[in-house]
Amino acid sequence: MRTTQDIENYLTQLGADYKVIKEGLWMVNLKDVDIDNLVISYVPPLVVFRINLMPVPEKRREEFFKRLLELNAMEMIHGAYGLEGDKIVLIDTLQVENLDLNEIQASIEALYFAVSHHFQELTAYLK
């Protein structure tokens with residue numbers, strides 16, 4: 001099973017700037033893919049990746065949530081959109097047991113893909 005040190009080594013290999021919030025919790029910035037608020041949590045047997053995306057829109061909520069479900073079903077490579085309080089989050093989870101650099105990189109790239117392809121459309125619901 002991988003440890004927090006393994007995860008930090010993977011983040012270093014990816015060229016990520018990260019800050020240890022507490023043991024097993026990191027705030028990660030990846031300037032090359034324009035991600036500056038990725039939180040990674042080590043909660044054995046999982047590693048959880050989380051991005052606070054936006055507030056829940058006040059108007060057209062039913063249409064907005066329908067669209068999120070469509071994106072989850074048809075366009076998400078890894079992870080899913082979710083609701084946490086009054087925020088829309090993007091999350092992904094990986095098993096710790098056989099975690100490797102390629103898996104972490106694939107999760108981060110998939111989250112970046114989702115943000116870069118969906119953010120403009122989703123934030124239009126805030127107007």
# chains A, B, ... in the order shown; residues from 1 in each chain; ligands from 1
>>> residues_around(residues="stretch 20-28 of chain A", least_positions_apart="2", cutoff="12 Å", atoms="only C-alpha atoms", output="PyMOL selection string")
chain A and resi 2-8+10-12+14-18+30-31+33-44+46-52+108
>>> select_by_dssp(residues="chain A", states="strand (DSSP E or B)", output="PyMOL selection string")
chain A and resi 17-22+25-30+35-43+46-55+80-84+87-95
>>> select_by_dssp(residues="stretch 1-123 of chain A", states="helix (DSSP H, G or I)", output="PyMOL selection string")
chain A and resi 4-13+31-33+61-74+101-123
>>> write_last_selection(atoms="C-alpha atoms", output="compact mmCIF listing (two decimals), in the first residue's frame")
# COMPACT_ATOMS: atom_id res chain seq x y z
CA THR A 4 1.69 9.83 2.06
CA GLN A 5 5.38 10.02 1.16
CA ASP A 6 4.71 8.08 -2.05
CA ILE A 7 1.98 10.56 -2.98
CA GLU A 8 4.27 13.50 -2.30
CA ASN A 9 6.94 11.86 -4.46
CA TYR A 10 4.42 11.47 -7.29
CA LEU A 11 3.39 15.13 -6.97
CA THR A 12 7.04 16.17 -7.12
CA GLN A 13 7.58 14.01 -10.23
CA LYS A 31 0.57 25.64 -13.46
CA ASP A 32 1.10 23.74 -16.73
CA VAL A 33 -2.55 22.64 -16.72
CA ARG A 61 -31.32 24.86 -11.15
CA GLU A 62 -33.24 21.88 -12.51
CA GLU A 63 -31.78 22.43 -15.98
CA PHE A 64 -28.31 22.88 -14.46
CA PHE A 65 -28.45 19.67 -12.40
CA LYS A 66 -29.80 17.76 -15.39
CA ARG A 67 -26.82 18.96 -17.39
CA LEU A 68 -24.39 17.86 -14.66
CA LEU A 69 -25.92 14.39 -14.69
CA GLU A 70 -25.61 14.25 -18.48
CA LEU A 71 -21.96 15.24 -18.26
CA ASN A 72 -21.34 12.62 -15.57
CA ALA A 73 -22.91 9.92 -17.75
CA MET A 74 -21.47 10.83 -21.12
CA LEU A 101 2.29 7.84 -10.95
CA ASN A 102 0.36 7.08 -14.16
CA GLU A 103 -2.92 6.74 -12.29
CA ILE A 104 -2.44 10.03 -10.45
CA GLN A 105 -1.47 11.77 -13.67
CA ALA A 106 -4.50 10.31 -15.50
CA SER A 107 -6.87 11.48 -12.75
CA ILE A 108 -5.44 14.97 -12.70
CA GLU A 109 -5.54 15.23 -16.49
CA ALA A 110 -9.13 13.99 -16.59
CA LEU A 111 -10.17 16.57 -14.00
CA TYR A 112 -8.37 19.26 -16.00
CA PHE A 113 -10.12 18.06 -19.17
CA ALA A 114 -13.51 18.35 -17.46
CA VAL A 115 -12.80 21.82 -16.10
CA SER A 116 -11.40 23.11 -19.37
CA HIS A 117 -14.27 21.72 -21.44
CA HIS A 118 -17.25 22.31 -19.15
CA PHE A 119 -16.46 25.32 -16.97
CA GLN A 120 -17.61 28.02 -19.39
CA GLU A 121 -20.87 26.20 -20.10
CA LEU A 122 -21.59 25.55 -16.43
CA THR A 123 -20.76 29.06 -15.22
>>> atom_distance(atom1="atom CA of A:Arg60", atom2="atom CA of A:Tyr125")
7.0 Å
>>> atom_distance(atom1="atom CA of A:Met54", atom2="atom CA of A:Ile88")
5.3 Å
>>> closest_residue(among="A:Val56, A:Asp100, A:Gln95, A:Pro45", to="A:Tyr81", atoms="only C-alpha atoms")
A:Val56
>>> atom_distance(atom1="atom CA of A:His78", atom2="atom CA of A:Leu53")
15.7 Å
